[in-house]
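Trainee: I'm passing along my_file_37.cif; it holds mmCIF, C-alpha atoms and all ligand atoms.
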```cif
data_entry
loop_
_atom_site.label_atom_id
_atom_site.label_comp_id
_atom_site.auth_asym_id
_atom_site.auth_seq_id
_atom_site.Cartn_x
_atom_site.Cartn_y
_atom_site.Cartn_z
CA MET A 1 0.00 0.00 0.00
CA ARG A 2 1.36 3.38 -0.98
CA LYS A 3 1.63 5.78 1.90
CA HIS A 4 0.29 8.76 0.05
CA ILE A 5 -0.10 11.40 2.77
CA ARG A 6 2.55 14.00 3.47
CA ILE A 7 1.98 16.04 6.61
CA TYR A 8 3.52 19.45 7.18
CA ASP A 9 3.57 21.52 10.34
CA PHE A 10 3.23 25.25 9.73
CA ASP A 11 5.14 27.58 12.09
CA ARG A 12 8.92 27.18 11.72
CA THR A 13 8.33 24.43 9.14
CA LEU A 14 6.70 26.27 6.20
CA SER A 15 6.64 29.79 7.64
CA ASP A 16 9.01 31.80 9.80
CA PRO A 17 7.20 33.32 12.81
CA THR A 18 10.36 34.65 14.50
CA HIS A 19 9.31 38.30 14.15
CA ARG A 20 6.25 37.83 16.39
CA LEU A 21 7.38 35.13 18.84
CA VAL A 22 8.92 37.55 21.30
CA LEU A 23 8.11 37.38 25.01
CA PRO A 24 6.67 40.64 26.38
CA GLU A 25 8.63 42.22 29.20
CA GLY A 26 7.83 40.63 32.54
CA VAL A 27 6.57 37.35 31.05
CA SER A 28 8.72 34.25 31.38
CA GLN A 29 8.54 30.85 29.73
CA ASP A 30 10.29 27.81 31.09
CA CYS A 31 10.32 24.71 28.96
CA GLU A 32 12.68 21.96 27.92
CA HIS A 33 13.14 23.31 24.38
CA ARG A 34 14.52 26.72 25.26
CA GLY A 35 18.28 27.04 25.36
CA PRO A 36 20.54 29.90 26.53
CA THR A 37 20.25 31.70 23.18
CA ASP A 38 16.47 31.73 23.44
CA PHE A 39 16.63 33.29 26.89
CA GLU A 40 19.01 36.00 25.66
CA SER A 41 16.82 36.86 22.66
CA ASN A 42 13.57 36.44 24.61
CA THR A 43 12.22 34.17 21.88
CA ILE A 44 9.04 32.24 22.65
CA CYS A 45 9.19 28.47 22.26
CA GLU A 46 6.46 27.77 19.74
CA SER A 47 6.08 24.16 20.86
CA CYS A 48 5.03 25.24 24.34
CA PHE A 49 3.44 28.63 23.74
CA HIS A 50 -0.04 27.43 24.62
CA ALA A 51 0.98 27.45 28.28
CA LEU A 52 1.52 31.22 28.12
CA PRO A 53 -1.05 33.75 29.43
CA GLU A 54 -4.05 34.18 27.12
CA GLU A 55 -3.26 37.84 26.34
CA VAL A 56 0.22 36.87 25.11
CA ILE A 57 -1.23 34.12 22.89
CA GLN A 58 -3.77 36.55 21.45
CA THR A 59 -0.96 38.95 20.52
CA VAL A 60 1.57 36.55 19.03
CA MET A 61 -1.05 34.46 17.23
CA HIS A 62 -3.17 37.34 15.93
CA PRO A 63 -4.30 36.73 12.30
CA GLU A 64 -2.71 40.00 11.17
CA ALA A 65 0.58 39.00 12.80
CA VAL A 66 0.70 35.50 11.29
CA ALA A 67 -0.14 36.93 7.86
CA LYS A 68 3.24 38.70 7.95
CA ASP A 69 5.26 35.51 8.45
CA PRO A 70 7.63 35.06 5.53
CA PRO A 71 7.81 31.63 3.92
CA ILE A 72 10.82 29.40 4.43
CA ASP A 73 11.59 29.19 0.73
CA VAL A 74 13.16 25.74 0.62
CA ALA A 75 10.27 24.33 2.65
CA LEU A 76 7.63 25.94 0.46
CA LEU A 77 9.38 24.48 -2.60
CA HIS A 78 9.29 21.02 -1.01
CA PHE A 79 5.61 21.46 -0.17
CA SER A 80 4.91 22.61 -3.74
CA LEU A 81 6.69 19.63 -5.25
CA SER A 82 4.64 17.31 -3.04
CA ILE A 83 1.52 18.87 -4.56
CA ASP A 84 2.98 18.45 -8.07
CA ASN A 85 3.73 14.80 -7.37
CA GLY A 86 0.17 14.04 -6.35
CA TYR A 87 0.59 13.51 -2.63
CA ASP A 88 -2.33 14.15 -0.32
CA VAL A 89 -0.72 17.14 1.40
CA GLN A 90 -2.16 18.02 4.81
CA ILE A 91 -1.27 20.53 7.51
CA VAL A 92 -1.11 19.49 11.17
CA THR A 93 -0.48 22.60 13.24
CA ALA A 94 -0.61 23.60 16.90
CA ARG A 95 -2.37 26.78 15.83
CA ARG A 96 -5.92 27.27 16.98
CA LYS A 97 -8.87 26.60 14.68
CA SER A 98 -9.59 30.34 14.61
CA LEU A 99 -6.39 30.69 12.55
CA VAL A 100 -7.36 28.20 9.85
CA PHE A 101 -8.72 30.95 7.58
CA ALA A 102 -5.54 33.01 7.98
CA THR A 103 -3.47 29.89 7.32
CA MET A 104 -5.40 29.19 4.11
CA ALA A 105 -4.96 32.81 3.04
CA TRP A 106 -1.20 32.57 3.63
CA LEU A 107 -1.01 29.46 1.43
CA ARG A 108 -3.07 31.15 -1.29
CA ARG A 109 -0.70 34.11 -1.21
CA HIS A 110 2.52 32.11 -1.36
CA LEU A 111 1.69 29.18 -3.64
CA SER A 112 1.83 29.54 -7.42
CA ALA A 113 -1.44 29.80 -9.35
CA GLY A 114 -0.95 26.32 -10.77
CA ARG A 115 -0.58 24.76 -7.34
CA ARG A 116 -3.55 26.68 -5.98
CA GLN A 117 -5.58 25.29 -8.85
CA ALA A 118 -4.30 21.75 -8.21
CA ILE A 119 -5.41 22.01 -4.58
CA ILE A 120 -8.83 23.32 -5.59
CA GLU A 121 -9.27 20.44 -8.04
CA ARG A 122 -8.53 17.97 -5.23
CA GLY A 123 -11.22 19.51 -3.04
CA GLY A 124 -9.00 21.77 -0.95
CA ILE A 125 -6.32 21.14 1.63
CA THR A 126 -7.00 19.73 5.10
CA ILE A 127 -5.69 21.77 8.03
CA HIS A 128 -5.81 20.08 11.43
CA ALA A 129 -5.72 22.68 14.23
CA ARG A 130 -6.42 22.74 17.94
CA ASN A 131 -9.59 23.78 19.73
CA GLU A 132 -9.52 27.28 21.20
CA ASP A 133 -9.40 26.11 24.80
CA ASP A 134 -6.91 23.28 24.30
CA ARG A 135 -3.80 24.10 26.34
CA ARG A 136 -2.01 20.76 26.00
CA PRO A 137 1.56 20.61 24.60
CA SER A 138 1.79 20.87 20.82
CA HIS A 139 3.13 17.37 20.22
CA VAL A 140 0.20 15.82 22.09
CA VAL A 141 -2.39 17.84 20.17
CA LYS A 142 -0.80 17.27 16.77
CA ILE A 143 -0.38 13.51 17.02
CA GLU A 144 -3.86 13.06 18.44
CA ALA A 145 -5.35 15.15 15.59
CA ALA A 146 -3.77 12.90 12.96
CA ARG A 147 -3.81 9.56 14.77
CA HIS A 148 -6.34 8.08 12.31
CA LEU A 149 -4.03 8.99 9.42
CA LEU A 150 -0.82 7.47 10.78
CA PRO A 151 -0.95 4.17 8.80
CA PHE A 152 -1.13 6.18 5.57
CA VAL A 153 1.52 8.80 6.30
CA GLY A 154 4.54 8.55 4.03
CA ALA A 155 6.32 11.52 5.59
CA TRP A 156 5.69 14.03 8.38
CA TYR A 157 7.71 17.25 8.56
CA ASP A 158 7.85 19.25 11.79
CA ASP A 159 10.33 21.49 13.58
CA ASP A 160 9.39 20.17 17.03
CA PRO A 161 11.86 17.43 18.07
CA LYS A 162 9.27 15.98 20.44
CA VAL A 163 6.82 15.42 17.56
CA ILE A 164 9.53 13.70 15.53
CA GLU A 165 10.60 11.54 18.47
CA GLU A 166 7.08 10.33 19.20
CA LEU A 167 6.24 9.62 15.56
CA VAL A 168 9.44 7.69 14.91
CA ALA A 169 8.72 5.63 18.03
CA VAL A 170 5.46 4.40 16.45
CA GLY A 171 7.04 3.78 13.04
CA VAL A 172 5.93 6.92 11.17
CA PRO A 173 8.64 8.40 8.89
CA ALA A 174 9.16 11.86 10.42
CA TYR A 175 11.73 14.51 9.58
CA LEU A 176 13.00 17.53 11.49
CA ALA A 177 12.26 20.74 9.60
CA PRO A 178 13.48 22.92 8.10
CA HIS A 179 16.89 21.15 7.93
CA CYS A 180 15.38 18.10 6.21
CA PHE A 181 14.41 20.23 3.21
CA PHE A 182 17.99 21.14 2.34
CA PRO A 183 19.97 18.86 0.03
CA GLN A 184 22.22 16.49 1.95
CA GLY A 185 25.59 17.92 2.78
CA VAL A 186 24.50 21.55 2.57
MG MG B 201 6.30 24.32 14.28
#
```
Do you think you could lay out the structure here as structure tokens?
Mentor:
Amino acid sequence: MRKHIRIYDFDRTLSDPTHRLVLPEGVSQDCEHRGPTDFESNTICESCFHALPEEVIQTVMHPEAVAKDPPIDVALLHFSLSIDNGYDVQIVTARRKSLVFATMAWLRRHLSAGRRQAIIERGGITIHARNEDDRRPSHVVKIEAARHLLPFVGAWYDDDPKVIEELVAVGVPAYLAPHCFFPQGV
């Protein structure tokens, strides 16, 4: 059986949210992913951001803010080629469902007309996102959202090492983004 589904995460896999993932003064975030560099730059760990105060989440995940995320070019090319090659391309993101429209708009803006048309002809693209009040860690939410798809997943791309670790443990081919999109040796 051909494993025809390719799953992509969004933030830090296809898009670069660095410009908005900045901790406001006086707010701290302790999690296993953040290293010394993150503390110096005050960067928010995207994998754990749902544990932050609601007002911080509303600011960093505002639709107007996410719309400004630039694409990670090499990742968007990989995503585009998956469309060209006929894979069932799906998004599994830790974003909330209220951001699905903004996420679709971002894809429309950054994909070529031909690929937009290909997606339309296949009935659209599926985006799995979290419920508004779901504060569980990203890796838990993502894997649960796509659990029914796992036997059919040929590749899953995500920048969260915890997601990769858990998928590999259950036999799903999973690759750490965005490094996996670069040609080997580069
Ligand atoms: Mg991510």
Trainee: Could you list, as a list of chain:residue names, all protein and nucleic acid residues with an atom at most 7 Å from ligand MG 201 (chain B), counting all atoms listed in the file?
Mentor: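 Answer in the requested format: A:Asp9, A:Phe10, A:Asp11, A:Arg12, A:Thr13, A:Glu46, A:Ser47, A:Asp158, A:Asp159, A:Asp160.
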Trainee: Write out, as a JSON list (two decimals), in the frame of the given file, the residues just selected, with C-alpha atoms.
Mentor:
```json
[["chain", "number", "residue", "atom", "x", "y", "z"],
["A", 9, "ASP", "CA", 3.57, 21.52, 10.34],
["A", 10, "PHE", "CA", 3.23, 25.25, 9.73],
["A", 11, "ASP", "CA", 5.14, 27.58, 12.09],
["A", 12, "ARG", "CA", 8.92, 27.18, 11.72],
["A", 13, "THR", "CA", 8.33, 24.43, 9.14],
["A", 46, "GLU", "CA", 6.46, 27.77, 19.74],
["A", 47, "SER", "CA", 6.08, 24.16, 20.86],
["A", 158, "ASP", "CA", 7.85, 19.25, 11.79],
["A", 159, "ASP", "CA", 10.33, 21.49, 13.58],
["A", 160, "ASP", "CA", 9.39, 20.17, 17.03]]
```
Trainee: Just the residues within 10 Å of A:Pro161, please, counting all atoms listed in the file, with nothing from its chain fewer than 3 positions along; format it as a list in words.
Mentor: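 Here the answer would be His33, Ser47, His139, Asp158, Ile164, Glu165, Glu166, Leu167, Ala174, Tyr175, Leu176 and Ala177 of chain A.
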Trainee: Choose the residue, out of A:Ala129, A:Ile5, A:His62, A:Trp156, that has the smallest atom-to-atom separation from A:Gly86; count all atoms listed in the file.
Mentor: A:Ile5
Trainee: Using only C-alpha atoms, pick whichever of A:Pro178, A:Pro151, A:Pro17, A:Gly124 has the shortest atom-to-atom distance to A:Asp69.
Mentor: A:Pro17
Trainee: Have a look at A:Asp84, A:Asp30, A:Glu144, A:Asp16 and name the one nearest to A:Gly114; count all atoms listed in the file.
Mentor: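 Once distances to A:Gly114 are computed over all atoms listed in the file, the minimum belongs to A:Asp84.
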Trainee: Go ahead and compute the interatomic distance for atom CA of A:Thr93 and atom CA of A:Ala51, in Å to one decimal.
Mentor: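 Going from atom CA of A:Thr93 over to atom CA of A:Ala51, I get 15.9 Å.
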Trainee: Could you give me, as number ranges by chain, the residues that sit within 12 Å of (3.8, 23.3, 6.2) in the file's coordinates, counting all atoms listed in the file?
Mentor: A: 6-16, 71-80, 82-83, 89-95, 103-104, 106-107, 110-111, 125-128, 156-159, 177-178, 181
Trainee: Which is closest to A:Arg96 among A:Ser112, A:Ser138, A:Gln117, A:Gln184, if we use only C-alpha atoms?
Mentor: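 Selected residue with least distance to A:Arg96: A:Ser138.
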Trainee: Can you measure atom CA of A:Arg116 to atom CA of A:Leu99 for me? One decimal in Å is fine.
Mentor: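 Result for atom CA of A:Arg116 versus atom CA of A:Leu99: 19.2 Å, one decimal.
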Trainee: Tell me, in Å to one decimal, how far atom CA of A:Val153 is from atom CA of A:Ile119.
Mentor: 18.5 Å
Trainee: For each of A:Val172, A:Ile143, A:Gly123, A:Lys162, take the minimum atom-to-atom distance to A:Asp88, counting all atoms listed in the file, then give the residue where this is smallest.
Mentor: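 When distances to A:Asp88 are compared using all atoms listed in the file, the smallest one comes from A:Gly123.
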Trainee: Could you check the closest approach to A:Arg108 for each of A:Ala67, A:Ala145, A:Val140, A:Cys48 and tell me which residue wins, using only C-alpha atoms?
Mentor: A:Ala67
